[in-house]
Amino acid sequence: MSQNKAKRSQLVMPGDEVKQKFHCDSCQANLTDGVRVSCNECPDFDLCTTCFSRGVEIGSHRNDHAYRVVSRHRFPVFTEDWSADEELFLIDGLRQFGMGNWKDAAEYVGTKTKEECERHYNDVYVSSDAWPLPDMDREFDTTLARSSGDKRNRNATPSKAKVLSSQPSNHEIIGYMPGRLEFETEFENEAEQVIKDMVVNDDDSMEEVELKQTVLKIYNNKLDRRIYRKSFIFDRGLLEYRKNQAIEKRRPKDERDLLNKIKVFARMQTREDAEAFSNGMLNEHALRQRIAQLQNWRRNGITTFEDGLQYEAERSQRLSRRATTQRDSAQLLERLQKVVTTRSQRDAGAESITLHKQPVRKMPPNPLDIEGADGINLLSDAEKELCSRLRIFPRPYLVIKQTLLSEYARVGSLRRPRARELVHIDASKTRKIYNFFVGSGWIKAPSRPGVHAAVLASGSITAPSSGDASVPAAPAFSQPTAASDTSEIQVKSEY
């Protein structure tokens, strides 16, 4: 419980038998024994259910703030005659007022005497078998604690009297302390910081004395400005926030805007002069509106007041019908938009289902430009076309070529699964490279009837003719260097 709540708990309402720990910040009703609505955004702000249902707004609190409903915890915890709330108040009271201060702790609990508080604390907490903790495994048949204060609290009615305290939270203007006629944050609130450590000594020099006097004059001027502003607030009745707000709400919007514009002149006028000036401006505004209305009547050929009143009545009816028509049109347009959106979503869903049923053909990627790449001069024209179509640079292709042909020379044969194991690239690219080597005659596929003919007939890879001078008939390779001395090389192609 916060410090403000602790201070609030020391107040006795007239006619109440129990100390007030929570009260309504609007009507000051005692909420200690009832249900209260606590604001989650305003610190230490509680409302009774009546004020909450009316949507009360005080200071910075708004009726759309997040809130929580807090009720009393009347179930027993450690003994049948002490409720959970009373247990919490006892521990909180001893923590605030000191261990052994049973009188203040009992007043804080509100429903127990000091003897009952002392005996309960010694029996439950001090003499507990699980000391320093009480016995947490006790169970009770009753759902409400049998307390002597329950009967007293049921007969007590919440008081609507004002809390006799001077706290910022007990006034409709947040931060104002009515008992002291001061604000929690005054004008130039840091003015005292300059003189709080000032000391006037007998041995001060004339310059030091003059400097300190100048500082005090500056401080006195700040105090004068502070007093002037407070007297302005008191004289103009600005502390009556609810009254002023109710009067302002009854005014039309154009009058409120006019009064807000002329508020800047209030500091240069007395209260009577400011009221006379405001009333004069409002009268002038009303006269200007009336003159504009009469001129509008004259332009429309209206010469009598009866015809003018009839014209205004019919005009208001036309405006009302127009507003209704516009509202109905907006609602109709919104419904049509919903229907169109729903239908388009349904059509899009049907189209997507149809598209899913049809096979999707992937477009082949664009050929890779390998002109000027490293190792391009070591490839034949057919190999250049293969690398461009498969999007593989010459150097990685040469490593793949050396790996596959070395394995073929070592074993004497090379199957396609073995080629995929040696070259860790896309399986389709490995298959096309393998078919290209078989079609070029560099690798002899295992003897299976019709395999070689099927590869050539597929048309995916064009085998070079035997008389093509660009393809070497028997490629010869030197011994692998240290950098490429491996049987399985993982190649990353640029796709």
# chains A, B, ... in the order shown; residues from 1 in each chain; ligands from 1

call {"tool": "residues_around", "arguments": {"residues": "A:Thr113", "least_positions_apart": "2", "cutoff": "12 Å", "atoms": "only C-alpha atoms", "output": "mmCIF file with N, CA and C atoms, in the first residue's frame"}}
result
data_model
loop_
_atom_site.group_PDB
_atom_site.id
_atom_site.type_symbol
_atom_site.label_atom_id
_atom_site.label_comp_id
_atom_site.auth_asym_id
_atom_site.auth_seq_id
_atom_site.Cartn_x
_atom_site.Cartn_y
_atom_site.Cartn_z
ATOM 1 N N VAL A 18 -15.068 2.434 11.783
ATOM 2 C CA VAL A 18 -13.857 1.810 11.290
ATOM 3 C C VAL A 18 -13.009 2.862 10.622
ATOM 4 N N GLU A 86 -8.025 -8.536 7.010
ATOM 5 C CA GLU A 86 -7.549 -8.174 8.350
ATOM 6 C C GLU A 86 -6.119 -8.654 8.573
ATOM 7 N N LEU A 90 -3.095 -6.080 9.386
ATOM 8 C CA LEU A 90 -2.277 -6.239 10.581
ATOM 9 C C LEU A 90 -0.789 -6.201 10.223
ATOM 10 N N TRP A 102 0.760 -1.967 19.142
ATOM 11 C CA TRP A 102 -0.499 -2.653 18.909
ATOM 12 C C TRP A 102 -1.669 -1.686 18.829
ATOM 13 N N LYS A 103 -1.575 -0.550 19.477
ATOM 14 C CA LYS A 103 -2.682 0.405 19.454
ATOM 15 C C LYS A 103 -2.883 0.964 18.040
ATOM 16 N N ASP A 104 -1.790 1.460 17.453
ATOM 17 C CA ASP A 104 -1.902 2.004 16.095
ATOM 18 C C ASP A 104 -2.213 0.901 15.090
ATOM 19 N N ALA A 105 -1.642 -0.293 15.308
ATOM 20 C CA ALA A 105 -1.934 -1.398 14.391
ATOM 21 C C ALA A 105 -3.406 -1.781 14.455
ATOM 22 N N ALA A 106 -3.996 -1.788 15.669
ATOM 23 C CA ALA A 106 -5.414 -2.107 15.807
ATOM 24 C C ALA A 106 -6.280 -1.033 15.154
ATOM 25 N N GLU A 107 -5.888 0.229 15.310
ATOM 26 C CA GLU A 107 -6.642 1.298 14.644
ATOM 27 C C GLU A 107 -6.526 1.168 13.121
ATOM 28 N N TYR A 108 -5.397 0.689 12.653
ATOM 29 C CA TYR A 108 -5.228 0.511 11.217
ATOM 30 C C TYR A 108 -6.085 -0.645 10.706
ATOM 31 N N VAL A 109 -6.160 -1.746 11.496
ATOM 32 C CA VAL A 109 -7.023 -2.864 11.112
ATOM 33 C C VAL A 109 -8.480 -2.432 11.130
ATOM 34 N N GLY A 110 -8.862 -1.714 12.205
ATOM 35 C CA GLY A 110 -10.192 -1.116 12.257
ATOM 36 C C GLY A 110 -11.261 -1.987 12.846
ATOM 37 N N THR A 111 -11.111 -3.307 12.856
ATOM 38 C CA THR A 111 -12.155 -4.209 13.366
ATOM 39 C C THR A 111 -11.690 -5.009 14.572
ATOM 40 N N GLU A 115 -5.593 -5.760 22.058
ATOM 41 C CA GLU A 115 -5.353 -7.060 22.704
ATOM 42 C C GLU A 115 -5.563 -8.192 21.704
ATOM 43 N N GLU A 116 -6.604 -8.100 20.885
ATOM 44 C CA GLU A 116 -6.853 -9.139 19.887
ATOM 45 C C GLU A 116 -5.734 -9.189 18.845
ATOM 46 N N CYS A 117 -5.231 -8.040 18.444
ATOM 47 C CA CYS A 117 -4.132 -8.019 17.474
ATOM 48 C C CYS A 117 -2.871 -8.650 18.062
ATOM 49 N N GLU A 118 -2.549 -8.310 19.310
ATOM 50 C CA GLU A 118 -1.342 -8.870 19.936
ATOM 51 C C GLU A 118 -1.475 -10.372 20.125
ATOM 52 N N ARG A 119 -2.645 -10.820 20.609
ATOM 53 C CA ARG A 119 -2.828 -12.253 20.843
ATOM 54 C C ARG A 119 -2.808 -13.024 19.522
ATOM 55 N N HIS A 120 -3.446 -12.468 18.501
ATOM 56 C CA HIS A 120 -3.469 -13.159 17.204
ATOM 57 C C HIS A 120 -2.070 -13.246 16.605
ATOM 58 N N SER A 147 -16.076 -12.628 12.250
ATOM 59 C CA SER A 147 -15.374 -11.545 12.934
ATOM 60 C C SER A 147 -16.380 -10.697 13.677
ATOM 61 N N SER A 148 -15.937 -10.186 14.802
ATOM 62 C CA SER A 148 -16.813 -9.307 15.579
ATOM 63 C C SER A 148 -17.073 -8.011 14.854
ATOM 64 N N GLY A 149 -16.193 -7.649 13.963
ATOM 65 C CA GLY A 149 -16.377 -6.397 13.228
ATOM 66 C C GLY A 149 -17.303 -6.525 12.046
#

call {"tool": "residues_around", "arguments": {"residues": "stretch 208-224 of chain A", "least_positions_apart": "2", "cutoff": "12 Å", "atoms": "only C-alpha atoms", "output": "PyMOL selection string"}}
result
chain A and resi 186-206+226-231

call {"tool": "atom_distance", "arguments": {"atom1": "atom CA of A:Trp131", "atom2": "atom CA of A:Met99"}}
result
16.7 Å

call {"tool": "atom_distance", "arguments": {"atom1": "atom CA of A:Ile425", "atom2": "atom CA of A:Ile392"}}
result
10.4 Å

call {"tool": "select_by_dssp", "arguments": {"residues": "stretch 118-321 of chain A", "states": "alpha helix (DSSP H)", "output": "ChimeraX atom specification"}}
result
/A:118-121,148-155,206-235,241-250,253-262,271-299,305-321

call {"tool": "atom_distance", "arguments": {"atom1": "atom CA of A:Leu319", "atom2": "atom CA of A:Leu259"}}
result
27.8 Å

call {"tool": "residues_around", "arguments": {"residues": "A:His285", "least_positions_apart": "5", "cutoff": "10 Å", "atoms": "only C-alpha atoms", "output": "PDB file with N, CA and C atoms, in the first residue's frame"}}
result
ATOM      1  N   ASP A 254     -19.315  27.783 -31.065  1.00  0.00           N
ATOM      2  CA  ASP A 254     -18.740  29.054 -31.496  1.00  0.00           C
ATOM      3  C   ASP A 254     -18.493  29.987 -30.331  1.00  0.00           C
ATOM      4  N   GLU A 255     -19.382  29.954 -29.312  1.00  0.00           N
ATOM      5  CA  GLU A 255     -19.153  30.783 -28.124  1.00  0.00           C
ATOM      6  C   GLU A 255     -17.951  30.282 -27.324  1.00  0.00           C
ATOM      7  N   LEU A 258     -14.850  31.476 -29.025  1.00  0.00           N
ATOM      8  CA  LEU A 258     -14.634  32.907 -28.814  1.00  0.00           C
ATOM      9  C   LEU A 258     -14.086  33.186 -27.421  1.00  0.00           C
ATOM     10  N   ASN A 279     -18.954  39.298 -21.760  1.00  0.00           N
ATOM     11  CA  ASN A 279     -20.373  39.420 -22.096  1.00  0.00           C
ATOM     12  C   ASN A 279     -20.571  40.319 -23.316  1.00  0.00           C
ATOM     13  N   GLY A 280     -19.778  41.385 -23.402  1.00  0.00           N
ATOM     14  CA  GLY A 280     -19.882  42.258 -24.564  1.00  0.00           C
ATOM     15  C   GLY A 280     -19.494  41.551 -25.852  1.00  0.00           C
ATOM     16  N   ARG A 290     -27.311  37.291 -35.751  1.00  0.00           N
ATOM     17  CA  ARG A 290     -28.695  37.666 -36.045  1.00  0.00           C
ATOM     18  C   ARG A 290     -28.756  38.518 -37.310  1.00  0.00           C
ATOM     19  N   ILE A 291     -27.830  39.443 -37.489  1.00  0.00           N
ATOM     20  CA  ILE A 291     -27.804  40.275 -38.694  1.00  0.00           C
ATOM     21  C   ILE A 291     -27.573  39.409 -39.933  1.00  0.00           C
TER      22      ILE A 291
END

call {"tool": "residues_around", "arguments": {"residues": "stretch 53-69 of chain A", "least_positions_apart": "3", "cutoff": "8 Å", "atoms": "only C-alpha atoms", "output": "PyMOL selection string"}}
result
chain A and resi 26+35-42+49-50+172-174

call {"tool": "write_last_selection", "arguments": {"atoms": "all heavy atoms", "output": "JSON list (two decimals), in the first residue's frame"}}
result
[["chain", "number", "residue", "atom", "x", "y", "z"],
["A", 26, "SER", "N", -14.17, 10.99, -5.84],
["A", 26, "SER", "CA", -15.16, 11.92, -6.36],
["A", 26, "SER", "C", -16.12, 12.38, -5.28],
["A", 26, "SER", "O", -16.23, 13.57, -5.01],
["A", 26, "SER", "CB", -15.94, 11.27, -7.51],
["A", 26, "SER", "OG", -16.96, 12.10, -7.98],
["A", 35, "VAL", "N", -17.06, -2.45, -2.34],
["A", 35, "VAL", "CA", -16.42, -2.67, -3.65],
["A", 35, "VAL", "C", -15.96, -1.32, -4.19],
["A", 35, "VAL", "O", -16.72, -0.35, -4.17],
["A", 35, "VAL", "CB", -17.39, -3.35, -4.63],
["A", 35, "VAL", "CG1", -16.72, -3.55, -5.98],
["A", 35, "VAL", "CG2", -17.84, -4.69, -4.06],
["A", 36, "ARG", "N", -14.76, -1.27, -4.68],
["A", 36, "ARG", "CA", -14.23, -0.03, -5.26],
["A", 36, "ARG", "C", -13.65, -0.35, -6.64],
["A", 36, "ARG", "O", -13.25, -1.47, -6.92],
["A", 36, "ARG", "CB", -13.16, 0.60, -4.38],
["A", 36, "ARG", "CG", -11.87, -0.19, -4.29],
["A", 36, "ARG", "CD", -10.87, 0.49, -3.35],
["A", 36, "ARG", "NE", -9.55, -0.10, -3.42],
["A", 36, "ARG", "CZ", -9.15, -1.14, -2.73],
["A", 36, "ARG", "NH1", -9.98, -1.73, -1.89],
["A", 36, "ARG", "NH2", -7.92, -1.60, -2.85],
["A", 37, "VAL", "N", -13.61, 0.67, -7.49],
["A", 37, "VAL", "CA", -13.04, 0.57, -8.84],
["A", 37, "VAL", "C", -11.75, 1.37, -8.82],
["A", 37, "VAL", "O", -11.77, 2.58, -8.66],
["A", 37, "VAL", "CB", -14.01, 1.10, -9.91],
["A", 37, "VAL", "CG1", -13.38, 0.98, -11.29],
["A", 37, "VAL", "CG2", -15.33, 0.35, -9.85],
["A", 38, "SER", "N", -10.64, 0.68, -9.00],
["A", 38, "SER", "CA", -9.31, 1.32, -8.93],
["A", 38, "SER", "C", -8.77, 1.51, -10.34],
["A", 38, "SER", "O", -8.81, 0.59, -11.17],
["A", 38, "SER", "CB", -8.36, 0.45, -8.10],
["A", 38, "SER", "OG", -7.09, 1.07, -7.99],
["A", 39, "CYS", "N", -8.28, 2.73, -10.62],
["A", 39, "CYS", "CA", -7.74, 3.05, -11.94],
["A", 39, "CYS", "C", -6.33, 2.49, -12.07],
["A", 39, "CYS", "O", -5.50, 2.63, -11.15],
["A", 39, "CYS", "CB", -7.73, 4.56, -12.17],
["A", 39, "CYS", "SG", -7.10, 5.05, -13.79],
["A", 40, "ASN", "N", -6.04, 1.84, -13.20],
["A", 40, "ASN", "CA", -4.71, 1.28, -13.43],
["A", 40, "ASN", "C", -3.72, 2.30, -13.97],
["A", 40, "ASN", "O", -2.52, 2.03, -13.97],
["A", 40, "ASN", "CB", -4.80, 0.12, -14.43],
["A", 40, "ASN", "CG", -5.49, -1.09, -13.85],
["A", 40, "ASN", "OD1", -5.58, -1.23, -12.63],
["A", 40, "ASN", "ND2", -6.01, -1.95, -14.69],
["A", 41, "GLU", "N", -4.20, 3.46, -14.42],
["A", 41, "GLU", "CA", -3.32, 4.46, -15.02],
["A", 41, "GLU", "C", -3.08, 5.65, -14.11],
["A", 41, "GLU", "O", -2.05, 6.31, -14.22],
["A", 41, "GLU", "CB", -3.91, 4.93, -16.36],
["A", 41, "GLU", "CG", -4.12, 3.79, -17.36],
["A", 41, "GLU", "CD", -4.67, 4.30, -18.69],
["A", 41, "GLU", "OE1", -4.51, 5.51, -18.97],
["A", 41, "GLU", "OE2", -5.25, 3.49, -19.44],
["A", 42, "CYS", "N", -4.02, 5.97, -13.23],
["A", 42, "CYS", "CA", -3.86, 7.08, -12.28],
["A", 42, "CYS", "C", -3.46, 6.49, -10.93],
["A", 42, "CYS", "O", -4.18, 5.65, -10.39],
["A", 42, "CYS", "CB", -5.14, 7.88, -12.15],
["A", 42, "CYS", "SG", -5.71, 8.58, -13.72],
["A", 49, "THR", "N", -18.90, 2.59, -7.02],
["A", 49, "THR", "CA", -19.61, 2.07, -8.19],
["A", 49, "THR", "C", -20.59, 3.10, -8.77],
["A", 49, "THR", "O", -20.81, 3.13, -9.98],
["A", 49, "THR", "CB", -20.37, 0.79, -7.80],
["A", 49, "THR", "OG1", -21.22, 1.07, -6.68],
["A", 49, "THR", "CG2", -19.40, -0.32, -7.43],
["A", 50, "THR", "N", -21.14, 3.96, -7.91],
["A", 50, "THR", "CA", -22.07, 4.98, -8.40],
["A", 50, "THR", "C", -21.37, 6.01, -9.28],
["A", 50, "THR", "O", -21.81, 6.32, -10.38],
["A", 50, "THR", "CB", -22.77, 5.68, -7.22],
["A", 50, "THR", "OG1", -23.42, 4.70, -6.41],
["A", 50, "THR", "CG2", -23.78, 6.69, -7.71],
["A", 172, "GLU", "N", -11.09, 18.47, -6.34],
["A", 172, "GLU", "CA", -11.39, 18.26, -7.75],
["A", 172, "GLU", "C", -10.28, 18.76, -8.65],
["A", 172, "GLU", "O", -10.21, 18.38, -9.83],
["A", 172, "GLU", "CB", -12.70, 18.94, -8.11],
["A", 172, "GLU", "CG", -12.73, 20.42, -7.81],
["A", 172, "GLU", "CD", -14.12, 21.00, -7.98],
["A", 172, "GLU", "OE1", -14.96, 20.84, -7.06],
["A", 172, "GLU", "OE2", -14.35, 21.60, -9.02],
["A", 173, "ILE", "N", -9.43, 19.62, -8.16],
["A", 173, "ILE", "CA", -8.23, 20.06, -8.88],
["A", 173, "ILE", "C", -7.06, 19.26, -8.34],
["A", 173, "ILE", "O", -6.65, 19.45, -7.19],
["A", 173, "ILE", "CB", -7.98, 21.57, -8.72],
["A", 173, "ILE", "CG1", -9.18, 22.37, -9.23],
["A", 173, "ILE", "CG2", -6.72, 21.98, -9.46],
["A", 173, "ILE", "CD1", -9.45, 22.21, -10.71],
["A", 174, "ILE", "N", -6.54, 18.36, -9.15],
["A", 174, "ILE", "CA", -5.45, 17.52, -8.69],
["A", 174, "ILE", "C", -4.22, 18.38, -8.40],
["A", 174, "ILE", "O", -3.80, 19.21, -9.21],
["A", 174, "ILE", "CB", -5.10, 16.46, -9.76],
["A", 174, "ILE", "CG1", -6.30, 15.54, -9.99],
["A", 174, "ILE", "CG2", -3.89, 15.63, -9.35],
["A", 174, "ILE", "CD1", -6.75, 14.78, -8.77]]
